Structure formats: structure tokens, C-alpha cells
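Below: the structure, in C-alpha cells.
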There are 4 protein chains.
Amino acid sequence: MKLTEISPNDSDAETGQQTRPTPFIHSIRVGWADCDPAEIAFTGRIPNFALEAIDIWWQQHVGLDWYQLNIDRNIGTPFVHMSVDFKSPVTPRHRLECEVSLIHIGNSSVQHSVRGIQAGVLCFEGRFVSTFVDAKQMKTRPPPADILAALNLHL
Amino acid sequence: MKLTEISPNDSDAETGQQTRPTPFIHSIRVGWADCDPAEIAFTGRIPNFALEAIDIWWQQHVGLDWYQLNIDRNIGTPFVHMSVDFKSPVTPRHRLECEVSLIHIGNSSVQHSVRGIQAGVLCFEGRFVSTFVDAKQMKTRPPPADILAALNLHL
Amino acid sequence: MKLTEISPNDSDAETGQQTRPTPFIHSIRVGWADCDPAEIAFTGRIPNFALEAIDIWWQQHVGLDWYQLNIDRNIGTPFVHMSVDFKSPVTPRHRLECEVSLIHIGNSSVQHSVRGIQAGVLCFEGRFVSTFVDAKQMKTRPPPADILAALNLHL
Amino acid sequence: MKLTEISPNDSDAETGQQTRPTPFIHSIRVGWADCDPAEIAFTGRIPNFALEAIDIWWQQHVGLDWYQLNIDRNIGTPFVHMSVDFKSPVTPRHRLECEVSLIHIGNSSVQHSVRGIQAGVLCFEGRFVSTFVDAKQMKTRPPPADILAALNLHL
């Protein structure tokens, strides 16, 4: 599970055109259960919100969520890195709109950004890097051709 | 909740002596409830393990955990940043030893590192930055003198 | 926080008519994060699914969720009892439709049933009893008139 | 996953002696992360505390926790029932001592009680019933002889 080199996305280099698709938005209801005595979502919930949004990004853009990737295709995508900047508290007062973008595809890794927004205010932004592995053997591998093709459509 | 400038710890500069205390170890039992279908601890659990270890670090080193800081002293310590590198899967096969170190004290912020180790293998390492706020008003403030003094003993 | 006597709902007794409203359905996406190594939702997640559904029932039927009840109205609704029968595993293969019904209103308590259904199969059914308390003092109290009136519309 | 008949424990009937072992106590640290804005442990956390205590009961009394039972022995123990009475709020002010007792062994099921106690005050008590299944096939089966023997020592 070593992180491979991640090359920058240069697919638009030749044309110079902006082809990046509209970011995917996953809307989350934040509730009582998510909050700590400070009356805001507990810090430890935030990465979980972002991970849920990325899992659903997979389902919507590749046609397979993590459960299906693992169980049906024997492809795991363990994370090798996450970093999150917390900008403003997340509360139950508004929906949490999680904006997910695919930002890099490496030889055997993939990188997403997630921005969490409530009522127009940026609450957090994070970067999440995962690798492709053979799920049973937990050994790094490149993504299968069909999955790579689907990912490339959304970079 | 803007993160203030974080100045490097130079308290040892004059003497040149190594005075940093032994890192604090919080030992966690990883179980079935923490694991996903890949048979390893779910990624979203890892920041929660680290946060639990930092909360207990406060209790042991400052004499107040987050609950006491907030409820009894009206001091909040919301996080403004976390970054985690995942090096090796966390499993229920071994205890997870979380090694917590205080690495920086800023004017109104504090920074910890957490390294998670199982059976001698580094599973993850992370960096967590939080600010001091008036808990009721959620406004940045410097730490009270007694808390700052206690923190300085463990830098 | 003693549970008061819960009197059976006899509001339909005079007319003999069936006036109970259609049960409220809250639809939950079950994902990788909810599952344990048995590849099904972890038992400890199920009460949390049901609680989320009840929290949203409050929002839809009374106009206040638990967060608003507590923070804005100083009304807490701590649970005094839950019981759940698990009938069939919950998996990420289908949406989990949580059917919530208000089944009793006592002097200072309220009781809901939750049935969790996936693809037409009953996965679990549970009963959840909570009391009304003054949130700051944590002392049992009857519900305010407007909240009682709203509840009575949905019994 | 139908729950089989659970026969009462009558192993002491002949001798009339009290042989039930001292209940197992698993001590849990309750923290900030467990609490909701009411400044007490969130209801949905309580069943998780009890389940953790039962999982560790298995480890201590049978020599196998749920992870080992499933992965190493292909034995699953899915829950078919839980009921919990909440008597007093759980807070971070004290350790939560979870007292676990095995109360029944059926043909293919097992039943535990868990009592959660803080500073001598009973906070909750619950009853948890699980069945034995072939983990891969998810089909009910009796427990293997060695596991049954270990369980019988602790009834």
C-alpha cells in the first residue's frame, strides 16, 4: 500500500479548453447525533461526511461504490492520505453541501477534493488520496481499464 | 476561528539540550465495530482514534480534557487543520498504540502529532492543529495562563 | 428522568374510524462506512439509523428537530427505553426505508415505532420511548401545548 | 437467521449451589466525542458501549472476539434482539463500568445482559440476544463444541 507517483492532470494542455465537469454535490443532513457539546458537528464526523460524499461520487461517476468495488470487483481503494482545513463550524442549521471533484489520477492512485459548504459559507475543504489494490491480497495494482476510462471522463 | 501564526518551538535553543518529554502513549483496542468489509479499521475511524488520544493527552498533561475545558472553563479548542498519512492498515490483531506529542504552541493555537503503531509497525501519522476560543462566543482567544504554563511543560 | 405512565391512544374510540396517518418514511443510504467484516451493517449502526429517522420525524411533524427543540426551546427528549428485533441483515445493496410511527403520547413521554425495510423485506423493527425534560435542568416536564397539539395530529 | 428457542439455564438445578461467576466488568472512558449538545453521551452511543463490552467478554471468556470468531473460525454471531432501559445519563465525569453476564445459552443462540454503571449509579441495563451462524453462508448453526464448552463455564 505504498503511494505511487501522482502525475498532474494535463489532459487539457493541448486544447487549452476548460473541460472540467461541474463538481458533484452530495447534500448531507447534519443532526443532533453529529453534534458535540459545543453544539456543532464533532471534528471526527467531518472526515466521515467527506468520505461518504466520495463513496457516492464513485457510485454516480463510475457506477460502483466502495462496497460494490470491493465485493463484486475485488478492487479496494484504501486511503493513503487525507488533509482537511476546517474553516467554519458545521451545524444542523443548514444542509451540508459536499462538493466532490476528482483532481488527479495516478498509475494506481486517485485523488479527490471535497469542499463542505453550508448556506454559501465554506466550512471545510479537504484532499483525499487513495490507491487501487487487489482487495483480497491488499496489493497495489492499476485500476481496471473500464474503471480508468470512467474516471478519465470526470477529471 | 482563523488560525493564528504558529511560531516554532525554540525554548531549547539557548541550552541546546534535548528536553522534550517522552511521548505520551494511549493504547486503543481496535475491534469488530471499527472494521469495514475489508477486515481493517475503516478510514473514517482513524482520525477518531487520534482525536481520542489527543483528548486524553489533555487530561493527562493539563489536567482537563475537552469536556472539562468546555463545560468547566468555557475554553473550546476547535480544530482548524488535520492531515493524516496512512502507512499500513489498522486491524483488531494488535493494540493500537497512539503516540501523542505536543509540537507547537502559538498565540492562540496548539499543534499535536499522533503516530499510530501496531506491533511495532507505523500505521498512520497525523498532525492536528486547534485554536483556543471562548466556548460560548466561539471567538479566538489566547489560552489562560495556567493552561499555557501546563502546555509549556510538555513541549 | 423517570418514565411516566404511558396511556394507550384512545382518540379513535368514539368514532371507531381509522384515522392514523400514513407512516412517515425516511430513506437512508447504507454504505461501506456502515458495514462490518460480515459485509452487512454493524448492529450498533441500526439504532442510530432508527434514531436519525425519529429525529427527522420530529422535524417533519412538529416542525422542530432535536437540535432545535433543545437549543431553541430548552426541551430535551432523552430516551428511557429502546428495543429492537433484528429480522434480516441490512446491506448497501438497497436503500433502507425507515417507517416511523408515533404510537403513544403519555403525560411527559412519547413513544415511536420504527420499521426498517430494504427491497420490501423487513430488516428490523423497534420501539423507542423518550421523556420530555427541561433541557437545562434535566427534569421531567409535560410537553408545551403547541408541541403536544402537533404530536396529537400524528397519533 | 430465525431465533431458536432459548431454554432457561438449569445447570445448577441438581446441586442447588450458586455457581454463577462474578460478572465481567469492562471499563469504558466516555469522552467529548461521545457526547451530544445535552452534554451527555448520545443515546445511539449506548448500545455501542454495550456491544464493545460483549465483544471483549467473548475475548476474555471464550478466547475469541467477534473478529477472530468470524475471520478465523467462520462463526458469526448476528444479533436478533436488543433491549435497553436508560436509567440515568452517561457522562464523561466518571468511567462507565459495563458489567456483562451470560444469561442464557440456546441451541444456536446466546444471551447477555449488560449493566452500565457510573460512580455506583446504574445508568442503563440491556439484554442482547445473538445467534450462531456459518459466517460465509449466514445460516444458523449450533456453536462448535469447544465454544459451547467455554460458554457453559460462564453461565
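Chain lettering (A, B, ...) mirrors the order of the C-alpha cells, residue numbering begins at 1 for each chain separately, and ligand numbering begins at 1 in order of display.
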Pull out every residue of chain B sitting within 8 Å of chain C, counting only C-alpha atoms, and send them as a list in words.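 On the chain B side, the interface is Trp32, Ala33, Asp34, Cys35, Asp36, Pro37, Ala38, Glu39, Phe42 and Gly44 of chain B.
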Taking all heavy atoms for each residue, export the selection above as a PDB file, in the first residue's frame.
```pdb
ATOM      1  N   TRP B  32     -14.130  -5.358  16.163  1.00  0.00           N
ATOM      2  CA  TRP B  32     -15.093  -5.653  15.093  1.00  0.00           C
ATOM      3  C   TRP B  32     -15.849  -4.394  14.672  1.00  0.00           C
ATOM      4  O   TRP B  32     -16.023  -4.113  13.485  1.00  0.00           O
ATOM      5  CB  TRP B  32     -16.060  -6.709  15.635  1.00  0.00           C
ATOM      6  CG  TRP B  32     -17.157  -7.117  14.726  1.00  0.00           C
ATOM      7  CD1 TRP B  32     -18.459  -6.694  14.772  1.00  0.00           C
ATOM      8  CD2 TRP B  32     -17.071  -8.052  13.643  1.00  0.00           C
ATOM      9  NE1 TRP B  32     -19.185  -7.315  13.794  1.00  0.00           N
ATOM     10  CE2 TRP B  32     -18.362  -8.144  13.083  1.00  0.00           C
ATOM     11  CE3 TRP B  32     -16.029  -8.814  13.105  1.00  0.00           C
ATOM     12  CZ2 TRP B  32     -18.638  -8.977  12.003  1.00  0.00           C
ATOM     13  CZ3 TRP B  32     -16.306  -9.637  12.020  1.00  0.00           C
ATOM     14  CH2 TRP B  32     -17.588  -9.717  11.484  1.00  0.00           C
ATOM     15  N   ALA B  33     -16.307  -3.624  15.671  1.00  0.00           N
ATOM     16  CA  ALA B  33     -17.123  -2.435  15.412  1.00  0.00           C
ATOM     17  C   ALA B  33     -16.371  -1.375  14.611  1.00  0.00           C
ATOM     18  O   ALA B  33     -16.986  -0.522  13.977  1.00  0.00           O
ATOM     19  CB  ALA B  33     -17.593  -1.822  16.736  1.00  0.00           C
ATOM     20  N   ASP B  34     -15.052  -1.404  14.645  1.00  0.00           N
ATOM     21  CA  ASP B  34     -14.244  -0.402  13.946  1.00  0.00           C
ATOM     22  C   ASP B  34     -13.949  -0.790  12.499  1.00  0.00           C
ATOM     23  O   ASP B  34     -13.423   0.025  11.743  1.00  0.00           O
ATOM     24  CB  ASP B  34     -12.898  -0.227  14.673  1.00  0.00           C
ATOM     25  CG  ASP B  34     -13.076   0.222  16.106  1.00  0.00           C
ATOM     26  OD1 ASP B  34     -13.764   1.238  16.317  1.00  0.00           O
ATOM     27  OD2 ASP B  34     -12.533  -0.432  17.017  1.00  0.00           O
ATOM     28  N   CYS B  35     -14.241  -2.052  12.158  1.00  0.00           N
ATOM     29  CA  CYS B  35     -13.761  -2.590  10.873  1.00  0.00           C
ATOM     30  C   CYS B  35     -14.825  -2.575   9.795  1.00  0.00           C
ATOM     31  O   CYS B  35     -16.019  -2.704  10.071  1.00  0.00           O
ATOM     32  CB  CYS B  35     -13.265  -4.017  11.071  1.00  0.00           C
ATOM     33  SG  CYS B  35     -11.799  -4.085  12.093  1.00  0.00           S
ATOM     34  N   ASP B  36     -14.363  -2.437   8.572  1.00  0.00           N
ATOM     35  CA  ASP B  36     -15.239  -2.456   7.417  1.00  0.00           C
ATOM     36  C   ASP B  36     -15.086  -3.797   6.688  1.00  0.00           C
ATOM     37  O   ASP B  36     -14.345  -4.672   7.155  1.00  0.00           O
ATOM     38  CB  ASP B  36     -14.929  -1.247   6.523  1.00  0.00           C
ATOM     39  CG  ASP B  36     -13.509  -1.247   5.967  1.00  0.00           C
ATOM     40  OD1 ASP B  36     -12.892  -2.322   5.812  1.00  0.00           O
ATOM     41  OD2 ASP B  36     -13.004  -0.147   5.675  1.00  0.00           O
ATOM     42  N   PRO B  37     -15.797  -3.994   5.593  1.00  0.00           N
ATOM     43  CA  PRO B  37     -15.720  -5.306   4.927  1.00  0.00           C
ATOM     44  C   PRO B  37     -14.319  -5.673   4.416  1.00  0.00           C
ATOM     45  O   PRO B  37     -14.079  -6.834   4.089  1.00  0.00           O
ATOM     46  CB  PRO B  37     -16.725  -5.179   3.771  1.00  0.00           C
ATOM     47  CG  PRO B  37     -17.733  -4.185   4.278  1.00  0.00           C
ATOM     48  CD  PRO B  37     -16.906  -3.180   5.039  1.00  0.00           C
ATOM     49  N   ALA B  38     -13.387  -4.707   4.366  1.00  0.00           N
ATOM     50  CA  ALA B  38     -12.006  -5.058   4.008  1.00  0.00           C
ATOM     51  C   ALA B  38     -11.284  -5.700   5.190  1.00  0.00           C
ATOM     52  O   ALA B  38     -10.097  -6.031   5.093  1.00  0.00           O
ATOM     53  CB  ALA B  38     -11.249  -3.823   3.516  1.00  0.00           C
ATOM     54  N   GLU B  39     -11.992  -5.845   6.313  1.00  0.00           N
ATOM     55  CA  GLU B  39     -11.456  -6.501   7.524  1.00  0.00           C
ATOM     56  C   GLU B  39     -10.363  -5.687   8.205  1.00  0.00           C
ATOM     57  O   GLU B  39      -9.530  -6.228   8.939  1.00  0.00           O
ATOM     58  CB  GLU B  39     -10.976  -7.938   7.215  1.00  0.00           C
ATOM     59  CG  GLU B  39     -12.122  -8.800   6.691  1.00  0.00           C
ATOM     60  CD  GLU B  39     -11.707 -10.224   6.298  1.00  0.00           C
ATOM     61  OE1 GLU B  39     -10.544 -10.605   6.523  1.00  0.00           O
ATOM     62  OE2 GLU B  39     -12.565 -10.951   5.749  1.00  0.00           O
ATOM     63  N   PHE B  42     -11.977   1.042   9.415  1.00  0.00           N
ATOM     64  CA  PHE B  42     -12.456   1.971   8.395  1.00  0.00           C
ATOM     65  C   PHE B  42     -11.676   3.294   8.491  1.00  0.00           C
ATOM     66  O   PHE B  42     -11.420   3.791   9.589  1.00  0.00           O
ATOM     67  CB  PHE B  42     -13.957   2.223   8.596  1.00  0.00           C
ATOM     68  CG  PHE B  42     -14.523   3.274   7.687  1.00  0.00           C
ATOM     69  CD1 PHE B  42     -14.434   3.137   6.308  1.00  0.00           C
ATOM     70  CD2 PHE B  42     -15.136   4.416   8.203  1.00  0.00           C
ATOM     71  CE1 PHE B  42     -14.956   4.111   5.461  1.00  0.00           C
ATOM     72  CE2 PHE B  42     -15.656   5.398   7.368  1.00  0.00           C
ATOM     73  CZ  PHE B  42     -15.571   5.249   5.991  1.00  0.00           C
ATOM     74  N   GLY B  44     -12.429   6.306   8.189  1.00  0.00           N
ATOM     75  CA  GLY B  44     -13.073   7.350   8.988  1.00  0.00           C
ATOM     76  C   GLY B  44     -12.913   7.161  10.493  1.00  0.00           C
ATOM     77  O   GLY B  44     -13.129   8.091  11.269  1.00  0.00           O
TER      78      GLY B  44
END
```
Please superimpose chain C on chain A using every C-alpha atom, paired by order, in a least-squares fit, and write the moved chain as a JSON list (two decimals) with C-alpha atoms, in the first residue's frame.
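This went into superposed.json:
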```json
[["chain", "number", "residue", "atom", "x", "y", "z"],
["C", 1, "MET", "CA", 0.02, 0.07, 0.02],
["C", 2, "LYS", "CA", 2.76, 2.52, -1.01],
["C", 3, "LEU", "CA", 1.48, 5.64, -2.70],
["C", 4, "THR", "CA", 2.65, 5.79, -6.31],
["C", 5, "GLU", "CA", 3.73, 8.92, -8.11],
["C", 6, "ILE", "CA", 0.80, 11.11, -8.88],
["C", 7, "SER", "CA", 1.16, 12.87, -12.20],
["C", 8, "PRO", "CA", -0.66, 16.16, -12.73],
["C", 9, "ASN", "CA", -3.72, 16.12, -14.95],
["C", 10, "ASP", "CA", -2.58, 17.47, -18.33],
["C", 11, "SER", "CA", -5.42, 16.19, -20.47],
["C", 12, "ASP", "CA", -6.54, 19.74, -21.32],
["C", 13, "ALA", "CA", -3.04, 20.84, -22.29],
["C", 14, "GLU", "CA", -3.42, 20.53, -26.05],
["C", 15, "THR", "CA", -6.69, 22.32, -26.51],
["C", 16, "GLY", "CA", -6.32, 24.72, -23.62],
["C", 17, "GLN", "CA", -10.04, 24.41, -23.14],
["C", 18, "GLN", "CA", -11.69, 24.22, -19.76],
["C", 19, "THR", "CA", -13.35, 20.82, -19.84],
["C", 20, "ARG", "CA", -13.52, 20.01, -16.17],
["C", 21, "PRO", "CA", -17.07, 18.92, -15.36],
["C", 22, "THR", "CA", -19.30, 20.64, -12.86],
["C", 23, "PRO", "CA", -18.38, 19.43, -9.36],
["C", 24, "PHE", "CA", -20.63, 16.78, -7.93],
["C", 25, "ILE", "CA", -22.63, 17.92, -4.90],
["C", 26, "HIS", "CA", -23.72, 15.46, -2.23],
["C", 27, "SER", "CA", -26.12, 17.04, 0.26],
["C", 28, "ILE", "CA", -25.95, 15.83, 3.87],
["C", 29, "ARG", "CA", -28.39, 16.43, 6.68],
["C", 30, "VAL", "CA", -26.44, 17.26, 9.82],
["C", 31, "GLY", "CA", -28.31, 16.40, 13.00],
["C", 32, "TRP", "CA", -28.26, 16.12, 16.74],
["C", 33, "ALA", "CA", -26.38, 12.80, 16.52],
["C", 34, "ASP", "CA", -23.46, 14.51, 14.75],
["C", 35, "CYS", "CA", -23.04, 17.28, 17.31],
["C", 36, "ASP", "CA", -20.92, 17.56, 20.42],
["C", 37, "PRO", "CA", -21.52, 19.71, 23.50],
["C", 38, "ALA", "CA", -20.15, 22.74, 21.59],
["C", 39, "GLU", "CA", -23.43, 22.43, 19.60],
["C", 40, "ILE", "CA", -21.55, 21.91, 16.34],
["C", 41, "ALA", "CA", -20.64, 18.77, 14.38],
["C", 42, "PHE", "CA", -17.81, 16.94, 16.15],
["C", 43, "THR", "CA", -14.45, 17.22, 14.32],
["C", 44, "GLY", "CA", -14.29, 13.44, 13.93],
["C", 45, "ARG", "CA", -17.55, 13.49, 11.95],
["C", 46, "ILE", "CA", -16.19, 15.81, 9.24],
["C", 47, "PRO", "CA", -13.84, 13.30, 7.54],
["C", 48, "ASN", "CA", -16.74, 10.84, 7.65],
["C", 49, "PHE", "CA", -19.02, 13.31, 5.85],
["C", 50, "ALA", "CA", -16.32, 13.78, 3.19],
["C", 51, "LEU", "CA", -15.76, 10.03, 2.83],
["C", 52, "GLU", "CA", -19.49, 9.44, 2.38],
["C", 53, "ALA", "CA", -19.53, 12.08, -0.34],
["C", 54, "ILE", "CA", -16.57, 10.42, -2.12],
["C", 55, "ASP", "CA", -18.20, 6.98, -1.86],
["C", 56, "ILE", "CA", -21.33, 8.37, -3.53],
["C", 57, "TRP", "CA", -19.16, 10.17, -6.13],
["C", 58, "TRP", "CA", -17.86, 6.72, -7.15],
["C", 59, "GLN", "CA", -21.39, 5.36, -7.39],
["C", 60, "GLN", "CA", -22.53, 8.27, -9.57],
["C", 61, "HIS", "CA", -19.46, 8.59, -11.78],
["C", 62, "VAL", "CA", -18.05, 5.09, -12.09],
["C", 63, "GLY", "CA", -21.23, 3.14, -11.44],
["C", 64, "LEU", "CA", -19.71, 1.31, -8.48],
["C", 65, "ASP", "CA", -19.49, 2.43, -4.86],
["C", 66, "TRP", "CA", -16.82, 1.11, -2.47],
["C", 67, "TYR", "CA", -18.99, -1.80, -1.42],
["C", 68, "GLN", "CA", -19.55, -2.92, -5.02],
["C", 69, "LEU", "CA", -15.92, -2.26, -5.98],
["C", 70, "ASN", "CA", -14.75, -4.49, -3.14],
["C", 71, "ILE", "CA", -17.32, -7.24, -3.08],
["C", 72, "ASP", "CA", -18.21, -7.49, -6.77],
["C", 73, "ARG", "CA", -14.93, -6.47, -8.42],
["C", 74, "ASN", "CA", -12.27, -7.29, -5.77],
["C", 75, "ILE", "CA", -10.92, -3.73, -6.04],
["C", 76, "GLY", "CA", -10.06, -1.92, -2.83],
["C", 77, "THR", "CA", -9.27, 1.78, -2.64],
["C", 78, "PRO", "CA", -7.59, 2.29, 0.76],
["C", 79, "PHE", "CA", -6.68, 5.86, 1.63],
["C", 80, "VAL", "CA", -3.03, 6.83, 1.96],
["C", 81, "HIS", "CA", -3.57, 10.48, 2.79],
["C", 82, "MET", "CA", -6.19, 12.92, 3.96],
["C", 83, "SER", "CA", -5.84, 16.54, 4.91],
["C", 84, "VAL", "CA", -8.64, 18.82, 5.97],
["C", 85, "ASP", "CA", -8.78, 22.53, 6.74],
["C", 86, "PHE", "CA", -11.68, 23.46, 8.98],
["C", 87, "LYS", "CA", -12.85, 26.97, 8.12],
["C", 88, "SER", "CA", -16.18, 27.39, 9.86],
["C", 89, "PRO", "CA", -18.26, 25.18, 12.18],
["C", 90, "VAL", "CA", -20.74, 22.71, 10.67],
["C", 91, "THR", "CA", -24.14, 22.88, 12.36],
["C", 92, "PRO", "CA", -27.62, 21.33, 11.97],
["C", 93, "ARG", "CA", -29.01, 24.74, 10.94],
["C", 94, "HIS", "CA", -28.36, 24.12, 7.23],
["C", 95, "ARG", "CA", -27.75, 21.26, 4.81],
["C", 96, "LEU", "CA", -24.09, 20.46, 4.30],
["C", 97, "GLU", "CA", -23.37, 20.53, 0.57],
["C", 98, "CYS", "CA", -20.29, 18.43, -0.12],
["C", 99, "GLU", "CA", -18.70, 19.36, -3.44],
["C", 100, "VAL", "CA", -16.53, 16.50, -4.68],
["C", 101, "SER", "CA", -14.01, 16.81, -7.52],
["C", 102, "LEU", "CA", -11.62, 14.26, -8.94],
["C", 103, "ILE", "CA", -8.32, 16.15, -9.12],
["C", 104, "HIS", "CA", -5.66, 13.59, -10.08],
["C", 105, "ILE", "CA", -5.35, 10.07, -11.44],
["C", 106, "GLY", "CA", -2.02, 8.33, -10.89],
["C", 107, "ASN", "CA", -0.81, 4.93, -12.06],
["C", 108, "SER", "CA", -2.49, 3.25, -9.16],
["C", 109, "SER", "CA", -3.97, 6.10, -7.17],
["C", 110, "VAL", "CA", -6.73, 8.64, -7.31],
["C", 111, "GLN", "CA", -7.16, 11.95, -5.58],
["C", 112, "HIS", "CA", -10.36, 13.83, -4.70],
["C", 113, "SER", "CA", -11.03, 17.19, -3.17],
["C", 114, "VAL", "CA", -14.09, 17.78, -1.01],
["C", 115, "ARG", "CA", -15.42, 21.20, -0.06],
["C", 116, "GLY", "CA", -18.17, 21.34, 2.57],
["C", 117, "ILE", "CA", -20.49, 24.33, 2.27],
["C", 118, "GLN", "CA", -23.40, 25.43, 4.46],
["C", 119, "ALA", "CA", -25.66, 28.30, 3.36],
["C", 120, "GLY", "CA", -22.94, 29.56, 1.04],
["C", 121, "VAL", "CA", -20.20, 29.48, 3.69],
["C", 122, "LEU", "CA", -17.16, 27.23, 3.16],
["C", 123, "CYS", "CA", -16.96, 25.07, 6.29],
["C", 124, "PHE", "CA", -14.08, 22.79, 5.34],
["C", 125, "GLU", "CA", -12.00, 21.69, 2.41],
["C", 126, "GLY", "CA", -10.01, 18.51, 2.18],
["C", 127, "ARG", "CA", -7.88, 16.40, -0.08],
["C", 128, "PHE", "CA", -8.14, 12.61, -0.08],
["C", 129, "VAL", "CA", -5.75, 10.21, -1.83],
["C", 130, "SER", "CA", -6.46, 6.53, -2.21],
["C", 131, "THR", "CA", -4.68, 3.71, -4.03],
["C", 132, "PHE", "CA", -6.01, 0.81, -6.01],
["C", 133, "VAL", "CA", -5.38, -2.60, -4.51],
["C", 134, "ASP", "CA", -6.36, -6.16, -5.12],
["C", 135, "ALA", "CA", -8.92, -6.34, -2.29],
["C", 136, "LYS", "CA", -8.18, -9.92, -1.25],
["C", 137, "GLN", "CA", -4.39, -9.61, -1.37],
["C", 138, "MET", "CA", -4.22, -5.93, -0.32],
["C", 139, "LYS", "CA", -1.54, -5.39, -3.01],
["C", 140, "THR", "CA", -1.29, -2.23, -5.09],
["C", 141, "ARG", "CA", -2.47, -2.59, -8.68],
["C", 142, "PRO", "CA", -3.49, -0.26, -11.51],
["C", 143, "PRO", "CA", -7.23, 0.30, -11.94],
["C", 144, "PRO", "CA", -8.99, -1.97, -14.50],
["C", 145, "ALA", "CA", -9.43, -0.38, -17.93],
["C", 146, "ASP", "CA", -13.20, 0.22, -17.62],
["C", 147, "ILE", "CA", -12.79, 1.96, -14.26],
["C", 148, "LEU", "CA", -9.87, 4.05, -15.53],
["C", 149, "ALA", "CA", -11.92, 5.06, -18.56],
["C", 150, "ALA", "CA", -14.84, 6.11, -16.35],
["C", 151, "LEU", "CA", -12.52, 8.08, -14.07],
["C", 152, "ASN", "CA", -10.90, 9.87, -17.00],
["C", 153, "LEU", "CA", -14.28, 11.19, -18.10],
["C", 154, "HIS", "CA", -14.56, 13.11, -14.85],
["C", 155, "LEU", "CA", -11.09, 14.57, -14.39]]
```
Return as a list of chain:residue names the full set of residues in stretch 57-106 of chain B whose backbone-based DSSP assignment is alpha helix (DSSP H).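 Here is the list: B:Trp57, B:Trp58, B:Gln59, B:Gln60, B:His61, B:Trp66, B:Tyr67, B:Gln68, B:Leu69, B:Asn70, B:Ile71, B:Asp72, B:Arg73.
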